[in-house]
$ cat data12.cif   # mmCIF, C-alpha atoms
data_protein
loop_
_atom_site.label_atom_id
_atom_site.label_comp_id
_atom_site.auth_asym_id
_atom_site.auth_seq_id
_atom_site.Cartn_x
_atom_site.Cartn_y
_atom_site.Cartn_z
CA MET A 121 42.06 87.04 212.34
CA CYS A 122 38.83 86.20 214.11
CA ALA A 123 37.46 85.99 217.62
CA PRO A 124 34.17 86.59 219.45
CA LEU A 125 35.03 90.31 219.40
CA CYS A 126 35.17 90.49 215.60
CA ARG A 127 32.09 88.29 215.18
CA ALA A 128 30.21 90.77 217.36
CA ALA A 129 31.56 93.62 215.23
CA VAL A 130 30.24 91.93 212.10
CA ALA A 131 26.83 91.53 213.69
CA ARG A 132 26.74 95.22 214.60
CA HIS A 133 28.00 96.39 211.24
CA PHE A 134 25.61 94.25 209.27
CA SER A 135 22.48 94.93 211.25
CA ARG A 136 19.45 95.30 208.97
CA ARG A 137 19.63 99.08 209.07
CA ALA A 138 23.36 99.16 208.33
CA PHE A 139 23.01 96.56 205.60
CA LEU A 140 20.26 98.46 203.80
CA SER A 141 22.20 101.72 203.98
CA THR A 142 25.35 100.18 202.45
CA ALA A 143 23.86 97.61 200.09
CA ALA A 144 23.90 99.86 197.03
CA ALA A 145 27.52 100.86 197.55
CA ALA A 146 28.62 97.29 198.24
CA THR A 147 26.79 96.00 195.18
CA ALA A 148 28.47 98.56 192.96
CA ALA A 149 31.86 97.80 194.46
CA ALA A 150 31.32 94.06 194.03
CA CYS A 151 31.15 94.64 190.28
CA LEU A 152 34.72 95.92 190.32
CA PRO A 153 36.45 92.52 190.07
CA SER A 154 34.42 91.72 186.94
CA ARG A 155 35.65 94.90 185.27
CA ILE A 156 39.18 94.11 186.28
CA GLN A 157 38.92 90.57 184.91
CA ALA A 158 37.81 91.97 181.56
CA GLU A 159 41.25 93.47 180.97
CA GLU A 160 43.61 92.01 178.40
CA PRO A 161 45.92 89.38 179.96
CA ARG A 162 49.36 90.72 180.85
CA THR A 163 52.60 89.02 179.93
CA VAL A 164 54.70 88.65 183.08
CA SER A 165 58.44 88.05 182.91
CA PHE A 166 60.47 87.47 186.05
CA SER A 167 63.89 86.32 187.21
CA LYS A 168 63.20 85.74 190.90
CA ILE A 169 60.45 84.30 193.10
CA VAL A 170 60.10 85.53 196.68
CA ASP A 171 58.07 83.47 199.14
CA LEU A 172 55.96 85.88 201.22
CA THR A 173 54.67 83.09 203.47
CA HIS A 174 55.62 82.60 207.10
CA ARG A 175 56.40 79.06 208.22
CA LEU A 176 53.40 77.92 210.25
CA SER A 177 54.11 76.18 213.54
CA THR A 178 52.19 75.59 216.75
CA GLU A 179 53.95 78.64 218.24
CA PHE A 180 52.90 81.12 215.55
CA PRO A 181 51.29 84.20 217.17
CA THR A 182 47.52 84.54 216.84
CA PHE A 183 44.93 87.28 217.10
CA THR A 184 43.30 85.55 220.08
CA GLY A 185 46.57 84.92 221.88
CA GLN A 186 45.69 81.23 222.06
CA PRO A 187 47.17 78.40 219.97
CA GLN A 188 45.23 77.92 216.72
CA PHE A 189 47.25 75.14 215.09
CA ASN A 190 48.19 71.62 216.13
CA ILE A 191 49.82 68.78 214.23
CA ALA A 192 49.82 65.20 215.46
CA ASP A 193 51.00 61.80 214.18
CA LYS A 194 48.06 59.65 215.17
CA ASN A 195 48.62 55.92 215.29
CA MET A 196 46.45 54.44 212.56
CA GLY A 197 47.79 50.90 212.69
CA PRO A 198 50.76 49.19 211.02
CA ARG A 199 52.69 51.29 208.51
CA PRO A 200 55.84 50.90 206.43
CA LYS A 201 59.12 52.12 207.89
CA GLY A 202 59.56 55.83 207.26
CA TYR A 203 55.87 56.43 206.57
CA HIS A 204 54.32 59.61 207.99
CA ALA A 205 50.78 61.00 207.84
CA TYR A 206 49.78 63.78 210.19
CA THR A 207 46.47 65.15 211.40
CA TRP A 208 46.13 68.92 211.45
CA THR A 209 43.78 70.92 213.66
CA LEU A 210 43.72 74.63 212.90
CA ALA A 211 41.60 77.75 212.86
CA GLU A 212 41.17 79.21 209.37
CA HIS A 213 42.71 82.56 210.25
CA THR A 214 46.14 81.40 211.34
CA GLY A 215 49.61 82.16 210.00
CA THR A 216 49.96 83.78 206.59
CA HIS A 217 46.34 83.53 205.56
CA MET A 218 43.56 84.85 203.35
CA ASP A 219 40.49 86.70 204.51
CA ALA A 220 37.85 85.86 201.90
CA PRO A 221 34.81 88.12 201.39
CA LEU A 222 32.63 85.66 203.35
CA HIS A 223 34.69 86.35 206.49
CA PHE A 224 33.04 89.76 206.98
CA GLY A 225 29.69 89.97 205.25
CA GLY A 226 30.73 89.26 201.66
CA LYS A 227 29.12 86.70 199.37
CA TYR A 228 32.08 84.60 198.25
CA SER A 229 34.00 81.94 200.13
CA ALA A 230 37.70 81.46 199.39
CA ASP A 231 37.10 78.62 196.93
CA GLN A 232 34.65 80.76 194.93
CA LEU A 233 37.12 83.55 194.13
CA PRO A 234 38.09 83.52 190.43
CA ILE A 235 41.75 82.65 189.90
CA THR A 236 42.11 85.89 187.94
CA ASP A 237 41.36 87.80 191.16
CA LEU A 238 44.32 86.18 192.92
CA TYR A 239 47.23 87.72 191.06
CA GLY A 240 48.24 91.17 189.91
CA PRO A 241 50.91 93.87 189.91
CA LEU A 242 51.99 94.65 193.46
CA ALA A 243 52.39 98.06 195.08
CA VAL A 244 54.40 97.92 198.32
CA ILE A 245 53.69 101.00 200.43
CA ASP A 246 56.32 101.54 203.10
CA ILE A 247 55.05 103.08 206.35
CA ARG A 248 57.87 101.78 208.55
CA ALA A 249 58.77 105.28 209.74
CA LYS A 250 55.24 105.83 211.06
CA ALA A 251 55.12 102.34 212.60
CA ARG A 252 58.41 102.87 214.44
CA SER A 253 57.09 105.99 216.16
CA ASP A 254 53.49 104.80 216.61
CA ALA A 255 52.48 101.14 216.97
CA ASP A 256 48.92 102.18 216.07
CA ALA A 257 49.97 103.70 212.73
CA ARG A 258 47.60 103.24 209.79
CA LEU A 259 47.98 103.33 206.02
CA THR A 260 45.90 106.29 204.84
CA PRO A 261 44.76 107.58 201.43
CA ASP A 262 47.42 110.29 201.82
CA ASP A 263 50.09 107.58 202.14
CA ILE A 264 48.86 106.13 198.84
CA ARG A 265 48.90 109.54 197.15
CA SER A 266 52.45 110.13 198.37
CA TRP A 267 53.49 106.73 196.99
CA GLU A 268 51.87 107.57 193.66
CA LYS A 269 53.80 110.84 193.39
CA LYS A 270 57.01 108.79 193.42
CA HIS A 271 55.96 105.65 191.55
CA GLY A 272 52.95 106.57 189.42
CA PRO A 273 49.28 105.57 189.79
CA LEU A 274 48.36 102.32 191.50
CA PRO A 275 48.11 99.72 188.74
CA ILE A 276 44.64 98.78 187.51
CA GLY A 277 43.91 95.28 188.76
CA GLY A 278 46.75 95.59 191.24
CA ILE A 279 47.31 94.55 194.85
CA VAL A 280 48.36 96.89 197.66
CA ALA A 281 50.66 95.71 200.47
CA MET A 282 51.21 97.67 203.67
CA PHE A 283 54.87 97.31 204.69
CA THR A 284 55.49 98.17 208.34
CA GLY A 285 58.46 95.93 209.17
CA TRP A 286 56.31 94.31 211.87
CA GLU A 287 57.44 90.81 210.92
CA GLU A 288 60.66 91.38 212.85
CA TYR A 289 58.54 90.82 215.97
CA VAL A 290 56.90 87.60 214.79
CA THR A 291 58.82 85.44 217.30
CA SER A 292 58.05 87.71 220.26
CA ASP A 293 55.07 89.02 222.21
CA LYS A 294 55.43 92.37 220.43
CA PHE A 295 53.80 90.92 217.31
CA ARG A 296 50.50 91.06 219.25
CA ASN A 297 51.79 93.93 221.42
CA ALA A 298 48.98 93.68 223.99
CA ASP A 299 48.92 96.25 226.78
CA ALA A 300 47.98 95.67 230.43
CA LYS A 301 44.29 95.70 229.49
CA GLY A 302 44.75 93.18 226.71
CA VAL A 303 44.34 95.76 223.93
CA MET A 304 46.68 95.02 221.03
CA HIS A 305 48.74 97.69 219.30
CA PHE A 306 49.99 97.09 215.77
CA PRO A 307 49.54 98.90 212.43
CA GLY A 308 46.77 98.37 209.89
CA PHE A 309 44.87 100.07 207.09
CA HIS A 310 43.01 103.27 207.97
CA GLU A 311 39.22 103.04 207.95
CA GLU A 312 39.03 105.58 205.09
CA THR A 313 41.37 103.59 202.84
CA PRO A 314 38.95 100.88 201.66
CA ASP A 315 36.49 103.45 200.32
CA PHE A 316 39.34 105.31 198.61
CA LEU A 317 40.49 102.11 196.91
CA LEU A 318 36.94 101.06 196.00
CA LYS A 319 35.81 104.40 194.61
CA GLU A 320 38.97 105.93 193.17
CA ARG A 321 41.24 103.01 192.26
CA GLN A 322 40.80 99.49 190.83
CA ILE A 323 42.49 97.10 193.22
CA LYS A 324 41.92 93.36 193.67
CA GLY A 325 43.33 92.69 197.13
CA ILE A 326 45.25 94.12 200.07
CA CYS A 327 48.01 92.62 202.22
CA VAL A 328 49.51 93.38 205.62
CA ASP A 329 52.57 92.14 207.50
CA THR A 330 50.65 92.31 210.79
CA LEU A 331 47.92 90.20 212.38
CA SER A 332 45.00 92.13 210.91
CA LEU A 333 43.87 94.39 208.07
CA ASP A 334 42.55 96.68 210.82
CA TYR A 335 44.94 98.14 213.38
CA GLY A 336 45.29 96.47 216.77
CA PRO A 337 42.99 98.59 219.00
CA THR A 338 39.93 98.32 216.74
CA THR A 339 36.65 97.07 218.17
CA ASP A 340 34.45 97.41 215.06
CA PHE A 341 36.82 96.27 212.23
CA PRO A 342 35.76 98.87 209.63
CA VAL A 343 38.42 97.85 207.09
CA HIS A 344 37.34 94.20 207.17
CA CYS A 345 33.67 95.15 206.98
CA ARG A 346 34.02 97.55 204.05
CA TRP A 347 36.66 95.79 201.97
CA LEU A 348 35.54 92.17 202.32
CA SER A 349 31.83 92.90 202.04
CA ALA A 350 32.56 94.55 198.68
CA GLY A 351 33.77 91.22 197.29
CA HIS A 352 37.53 91.62 197.74
CA TRP A 353 40.11 89.62 199.67
CA GLY A 354 42.89 90.40 202.12
CA MET A 355 46.06 88.63 203.21
CA GLU A 356 47.35 88.90 206.79
CA CYS A 357 50.75 88.02 208.28
CA VAL A 358 52.55 88.37 204.96
CA ALA A 359 56.33 87.96 205.15
CA ARG A 360 59.42 89.46 203.47
CA LEU A 361 57.89 92.58 201.99
CA GLY A 362 61.22 94.28 202.62
CA SER A 363 62.80 92.14 199.92
CA LEU A 364 60.49 93.57 197.25
CA PRO A 365 60.68 96.82 195.25
CA PRO A 366 57.92 99.42 195.72
CA THR A 367 56.64 98.55 192.25
CA GLY A 368 57.40 96.01 189.55
CA ALA A 369 56.60 92.72 191.32
CA THR A 370 53.61 90.51 190.57
CA LEU A 371 51.83 88.88 193.51
CA ILE A 372 50.21 85.45 193.46
CA ALA A 373 47.80 84.87 196.35
CA ALA A 374 47.29 81.10 196.41
CA GLY A 375 44.31 80.96 198.76
CA PRO A 376 42.70 77.76 200.04
CA MET A 377 40.39 75.71 197.81
CA ILE A 378 38.24 74.51 200.70
CA ALA A 379 34.52 74.59 200.05
CA GLY A 380 32.72 77.24 202.07
CA SER A 381 35.85 78.54 203.80
CA SER A 382 36.01 82.13 205.02
CA GLY A 383 39.74 82.10 204.35
CA GLY A 384 42.69 80.04 205.46
CA PRO A 385 46.44 79.50 205.41
CA SER A 386 47.81 80.43 201.99
CA ARG A 387 51.02 80.38 199.98
CA VAL A 388 51.81 83.90 198.82
CA LEU A 389 54.46 84.43 196.15
CA ALA A 390 55.98 87.47 194.47
CA LEU A 391 57.52 87.36 191.00
CA ILE A 392 60.25 89.95 190.36
#
$ encode --input "data12.cif" --output "structure tokens"
Amino acid sequence: MCAPLCRAAVARHFSRRAFLSTAAAATAAACLPSRIQAEEPRTVSFSKIVDLTHRLSTEFPTFTGQPQFNIADKNMGPRPKGYHAYTWTLAEHTGTHMDAPLHFGGKYSADQLPITDLYGPLAVIDIRAKARSDADARLTPDDIRSWEKKHGPLPIGGIVAMFTGWEEYVTSDKFRNADAKGVMHFPGFHEETPDFLLKERQIKGICVDTLSLDYGPTTDFPVHCRWLSAGHWGMECVARLGSLPPTGATLIAAGPMIAGSSGGPSRVLALI
């Protein structure tokens, strides 16, 4: 997810005045991954692996509405029969992809995230009922509290996935769901949720099955700004959350190891 609109939002959010007013909170929050990493390693047993990654093609829907991926077999001279080598051209934030902290004001690029930050127990929070009645539905702190009443506290060092069922629209225009004015309408995290997770829980990353961590109509991207600037990552366009239990799975977020990247297409796996 990125476009001139979100770059402008970053510039507004991280003006000198805004930066100074949030620096202390962001610095404290950025220490959270270090505390999480200090935990004793967990033993993970599993019997099934679920691929949460969409197949990326040139037709995959994008935040901008314009193609962001191309693959070509460029003629590079004589080659053996059956030999193939393609050239890719793509925007970082395409398909199932990571948003690294650097994407919205954070310090770390995708390749700088410790591997221990990229896996953890997964909490799948189902807000499909809200999303069916309101395309602009958002995952709120109250949704998390309701989930915890049924399944127990969010796991320390865990990952939270918002499950809306939106992937059923991935082959249609409804995935972007733009109105006559070009404003998109799809679910995302509520702007209060990052602070709740940063201050009251210990979570490594967040995932959505839509195009953006923020909901479609946003113009200032508060979830991106708060969560990523605090040193955490997000995954967008995650697939097959409906095949996972609410709790009990372990997520592996295999982000790109590209120097200086603000994110990029990723392979996301769940162990059950």
$ resolve_selection --input "data12.cif" --expression "the PyMOL selection byres ((chain A and resi 277-286) around 9)" --output "PyMOL selection string"
chain A and resi 153+155-157+159+237+239-252+257+259+274-276+287-290+294-295+306-309+321-330+355+358+360-362+370-371
$ closest_residue --input "data12.cif" --among "A:Thr260, A:Thr209, A:Thr173, A:Thr178" --to "A:Ala359" --atoms "only C-alpha atoms"
A:Thr173
$ atom_distance --input "data12.cif" --atom1 "atom CA of A:Ser167" --atom2 "atom CA of A:His217"
25.5 Å
$ atom_distance --input "data12.cif" --atom1 "atom CA of A:Gln232" --atom2 "atom CA of A:Val388"
17.9 Å
$ resolve_selection --input "data12.cif" --expression "the PyMOL selection byres ((chain A and resi 332) around 7)" --output "list of chain:residue names"
A:Met121, A:Gly308, A:Thr330, A:Leu331, A:Leu333, A:Asp334, A:Tyr335, A:Glu356
$ closest_residue --input "data12.cif" --among "A:Trp208, A:Phe183, A:Phe166, A:Tyr228" --to "A:Pro337" --atoms "only C-alpha atoms"
A:Phe183
$ closest_residue --input "data12.cif" --among "A:Ala379, A:Ala369, A:Ala374, A:Cys357" --to "A:Val164" --atoms "all atoms listed in the file"
A:Ala369
$ residues_around --input "data12.cif" --residues "A:Val303" --least-positions-apart "4" --cutoff "9 Å" --atoms "only C-alpha atoms" --output "list of chain:residue names"
A:Asn297, A:Ala298, A:Asp299, A:Gly336, A:Pro337, A:Thr338
$ decode --input "data12.cif" --residues "stretch 331-361 of chain A" --atoms "N, CA, C and O atoms" --output "JSON list (two decimals), in the first residue's frame"
[["chain", "number", "residue", "atom", "x", "y", "z"],
["A", 331, "LEU", "N", -6.50, -4.52, 1.44],
["A", 331, "LEU", "CA", -5.39, -3.82, 0.81],
["A", 331, "LEU", "C", -4.56, -2.97, 1.75],
["A", 331, "LEU", "O", -3.47, -2.54, 1.38],
["A", 332, "SER", "N", -5.04, -2.72, 2.96],
["A", 332, "SER", "CA", -4.36, -1.77, 3.82],
["A", 332, "SER", "C", -4.64, -2.02, 5.29],
["A", 332, "SER", "O", -5.74, -2.46, 5.66],
["A", 333, "LEU", "N", -3.65, -1.72, 6.14],
["A", 333, "LEU", "CA", -3.86, -1.78, 7.59],
["A", 333, "LEU", "C", -4.93, -0.78, 8.01],
["A", 333, "LEU", "O", -5.70, -1.04, 8.94],
["A", 334, "ASP", "N", -4.96, 0.38, 7.36],
["A", 334, "ASP", "CA", -6.02, 1.37, 7.58],
["A", 334, "ASP", "C", -7.22, 1.05, 6.69],
["A", 334, "ASP", "O", -7.08, 0.45, 5.62],
["A", 335, "TYR", "N", -8.39, 1.48, 7.10],
["A", 335, "TYR", "CA", -9.57, 1.22, 6.28],
["A", 335, "TYR", "C", -9.57, 2.10, 5.03],
["A", 335, "TYR", "O", -8.86, 3.10, 4.94],
["A", 336, "GLY", "N", -10.38, 1.71, 4.05],
["A", 336, "GLY", "CA", -10.31, 2.31, 2.72],
["A", 336, "GLY", "C", -10.43, 3.82, 2.64],
["A", 336, "GLY", "O", -9.66, 4.46, 1.91],
["A", 337, "PRO", "N", -11.37, 4.47, 3.37],
["A", 337, "PRO", "CA", -11.57, 5.92, 3.18],
["A", 337, "PRO", "C", -10.50, 6.81, 3.82],
["A", 337, "PRO", "O", -10.55, 8.02, 3.67],
["A", 338, "THR", "N", -9.53, 6.24, 4.52],
["A", 338, "THR", "CA", -8.58, 7.08, 5.25],
["A", 338, "THR", "C", -7.82, 8.03, 4.34],
["A", 338, "THR", "O", -7.55, 7.73, 3.17],
["A", 339, "THR", "N", -7.48, 9.19, 4.89],
["A", 339, "THR", "CA", -6.62, 10.14, 4.17],
["A", 339, "THR", "C", -5.34, 10.42, 4.95],
["A", 339, "THR", "O", -4.41, 11.01, 4.40],
["A", 340, "ASP", "N", -5.29, 10.02, 6.23],
["A", 340, "ASP", "CA", -4.10, 10.32, 7.04],
["A", 340, "ASP", "C", -3.40, 9.07, 7.59],
["A", 340, "ASP", "O", -2.38, 9.17, 8.26],
["A", 341, "PHE", "N", -3.93, 7.87, 7.34],
["A", 341, "PHE", "CA", -3.26, 6.60, 7.65],
["A", 341, "PHE", "C", -2.74, 6.51, 9.09],
["A", 341, "PHE", "O", -1.57, 6.24, 9.33],
["A", 342, "PRO", "N", -3.62, 6.73, 10.08],
["A", 342, "PRO", "CA", -3.15, 6.75, 11.47],
["A", 342, "PRO", "C", -2.61, 5.40, 11.95],
["A", 342, "PRO", "O", -1.71, 5.36, 12.78],
["A", 343, "VAL", "N", -3.16, 4.30, 11.46],
["A", 343, "VAL", "CA", -2.69, 2.98, 11.90],
["A", 343, "VAL", "C", -1.26, 2.75, 11.39],
["A", 343, "VAL", "O", -0.38, 2.35, 12.15],
["A", 344, "HIS", "N", -1.04, 3.02, 10.11],
["A", 344, "HIS", "CA", 0.32, 2.92, 9.58],
["A", 344, "HIS", "C", 1.29, 3.79, 10.36],
["A", 344, "HIS", "O", 2.37, 3.34, 10.76],
["A", 345, "CYS", "N", 0.91, 5.04, 10.56],
["A", 345, "CYS", "CA", 1.81, 6.00, 11.21],
["A", 345, "CYS", "C", 2.17, 5.56, 12.62],
["A", 345, "CYS", "O", 3.34, 5.59, 13.02],
["A", 346, "ARG", "N", 1.19, 5.12, 13.38],
["A", 346, "ARG", "CA", 1.44, 4.79, 14.79],
["A", 346, "ARG", "C", 2.14, 3.45, 14.93],
["A", 346, "ARG", "O", 3.11, 3.33, 15.68],
["A", 347, "TRP", "N", 1.67, 2.44, 14.22],
["A", 347, "TRP", "CA", 2.19, 1.09, 14.40],
["A", 347, "TRP", "C", 3.59, 0.94, 13.81],
["A", 347, "TRP", "O", 4.50, 0.43, 14.45],
["A", 348, "LEU", "N", 3.77, 1.39, 12.57],
["A", 348, "LEU", "CA", 5.07, 1.21, 11.92],
["A", 348, "LEU", "C", 6.14, 2.10, 12.52],
["A", 348, "LEU", "O", 7.29, 1.69, 12.68],
["A", 349, "SER", "N", 5.77, 3.32, 12.89],
["A", 349, "SER", "CA", 6.76, 4.22, 13.47],
["A", 349, "SER", "C", 7.27, 3.72, 14.82],
["A", 349, "SER", "O", 8.35, 4.10, 15.26],
["A", 350, "ALA", "N", 6.49, 2.84, 15.47],
["A", 350, "ALA", "CA", 6.90, 2.28, 16.75],
["A", 350, "ALA", "C", 7.81, 1.06, 16.58],
["A", 350, "ALA", "O", 8.17, 0.41, 17.57],
["A", 351, "GLY", "N", 8.20, 0.74, 15.36],
["A", 351, "GLY", "CA", 9.15, -0.33, 15.12],
["A", 351, "GLY", "C", 8.56, -1.68, 14.80],
["A", 351, "GLY", "O", 9.27, -2.69, 14.80],
["A", 352, "HIS", "N", 7.26, -1.73, 14.51],
["A", 352, "HIS", "CA", 6.58, -2.98, 14.23],
["A", 352, "HIS", "C", 6.26, -3.10, 12.74],
["A", 352, "HIS", "O", 6.32, -2.14, 11.99],
["A", 353, "TRP", "N", 5.87, -4.30, 12.33],
["A", 353, "TRP", "CA", 5.55, -4.55, 10.93],
["A", 353, "TRP", "C", 4.09, -4.92, 10.76],
["A", 353, "TRP", "O", 3.40, -5.32, 11.70],
["A", 354, "GLY", "N", 3.62, -4.81, 9.51],
["A", 354, "GLY", "CA", 2.28, -5.26, 9.14],
["A", 354, "GLY", "C", 2.34, -6.07, 7.87],
["A", 354, "GLY", "O", 3.27, -5.95, 7.09],
["A", 355, "MET", "N", 1.34, -6.92, 7.68],
["A", 355, "MET", "CA", 1.19, -7.68, 6.44],
["A", 355, "MET", "C", -0.19, -7.36, 5.85],
["A", 355, "MET", "O", -1.20, -7.43, 6.56],
["A", 356, "GLU", "N", -0.21, -7.03, 4.56],
["A", 356, "GLU", "CA", -1.46, -6.71, 3.87],
["A", 356, "GLU", "C", -1.74, -7.76, 2.80],
["A", 356, "GLU", "O", -0.83, -8.42, 2.29],
["A", 357, "CYS", "N", -3.03, -7.90, 2.46],
["A", 357, "CYS", "CA", -3.48, -8.87, 1.46],
["A", 357, "CYS", "C", -3.11, -10.30, 1.85],
["A", 357, "CYS", "O", -2.65, -11.09, 1.01],
["A", 358, "VAL", "N", -3.33, -10.64, 3.10],
["A", 358, "VAL", "CA", -3.08, -12.00, 3.57],
["A", 358, "VAL", "C", -4.26, -12.89, 3.15],
["A", 358, "VAL", "O", -5.42, -12.46, 3.16],
["A", 359, "ALA", "N", -3.97, -14.13, 2.79],
["A", 359, "ALA", "CA", -5.00, -15.04, 2.28],
["A", 359, "ALA", "C", -5.34, -16.14, 3.30],
["A", 359, "ALA", "O", -4.58, -16.39, 4.23],
["A", 360, "ARG", "N", -6.49, -16.76, 3.10],
["A", 360, "ARG", "CA", -6.90, -18.01, 3.76],
["A", 360, "ARG", "C", -6.95, -17.95, 5.29],
["A", 360, "ARG", "O", -6.74, -18.96, 5.96],
["A", 361, "LEU", "N", -7.27, -16.81, 5.83],
["A", 361, "LEU", "CA", -7.42, -16.74, 7.28],
["A", 361, "LEU", "C", -8.59, -17.60, 7.76],
["A", 361, "LEU", "O", -8.61, -18.06, 8.90]]
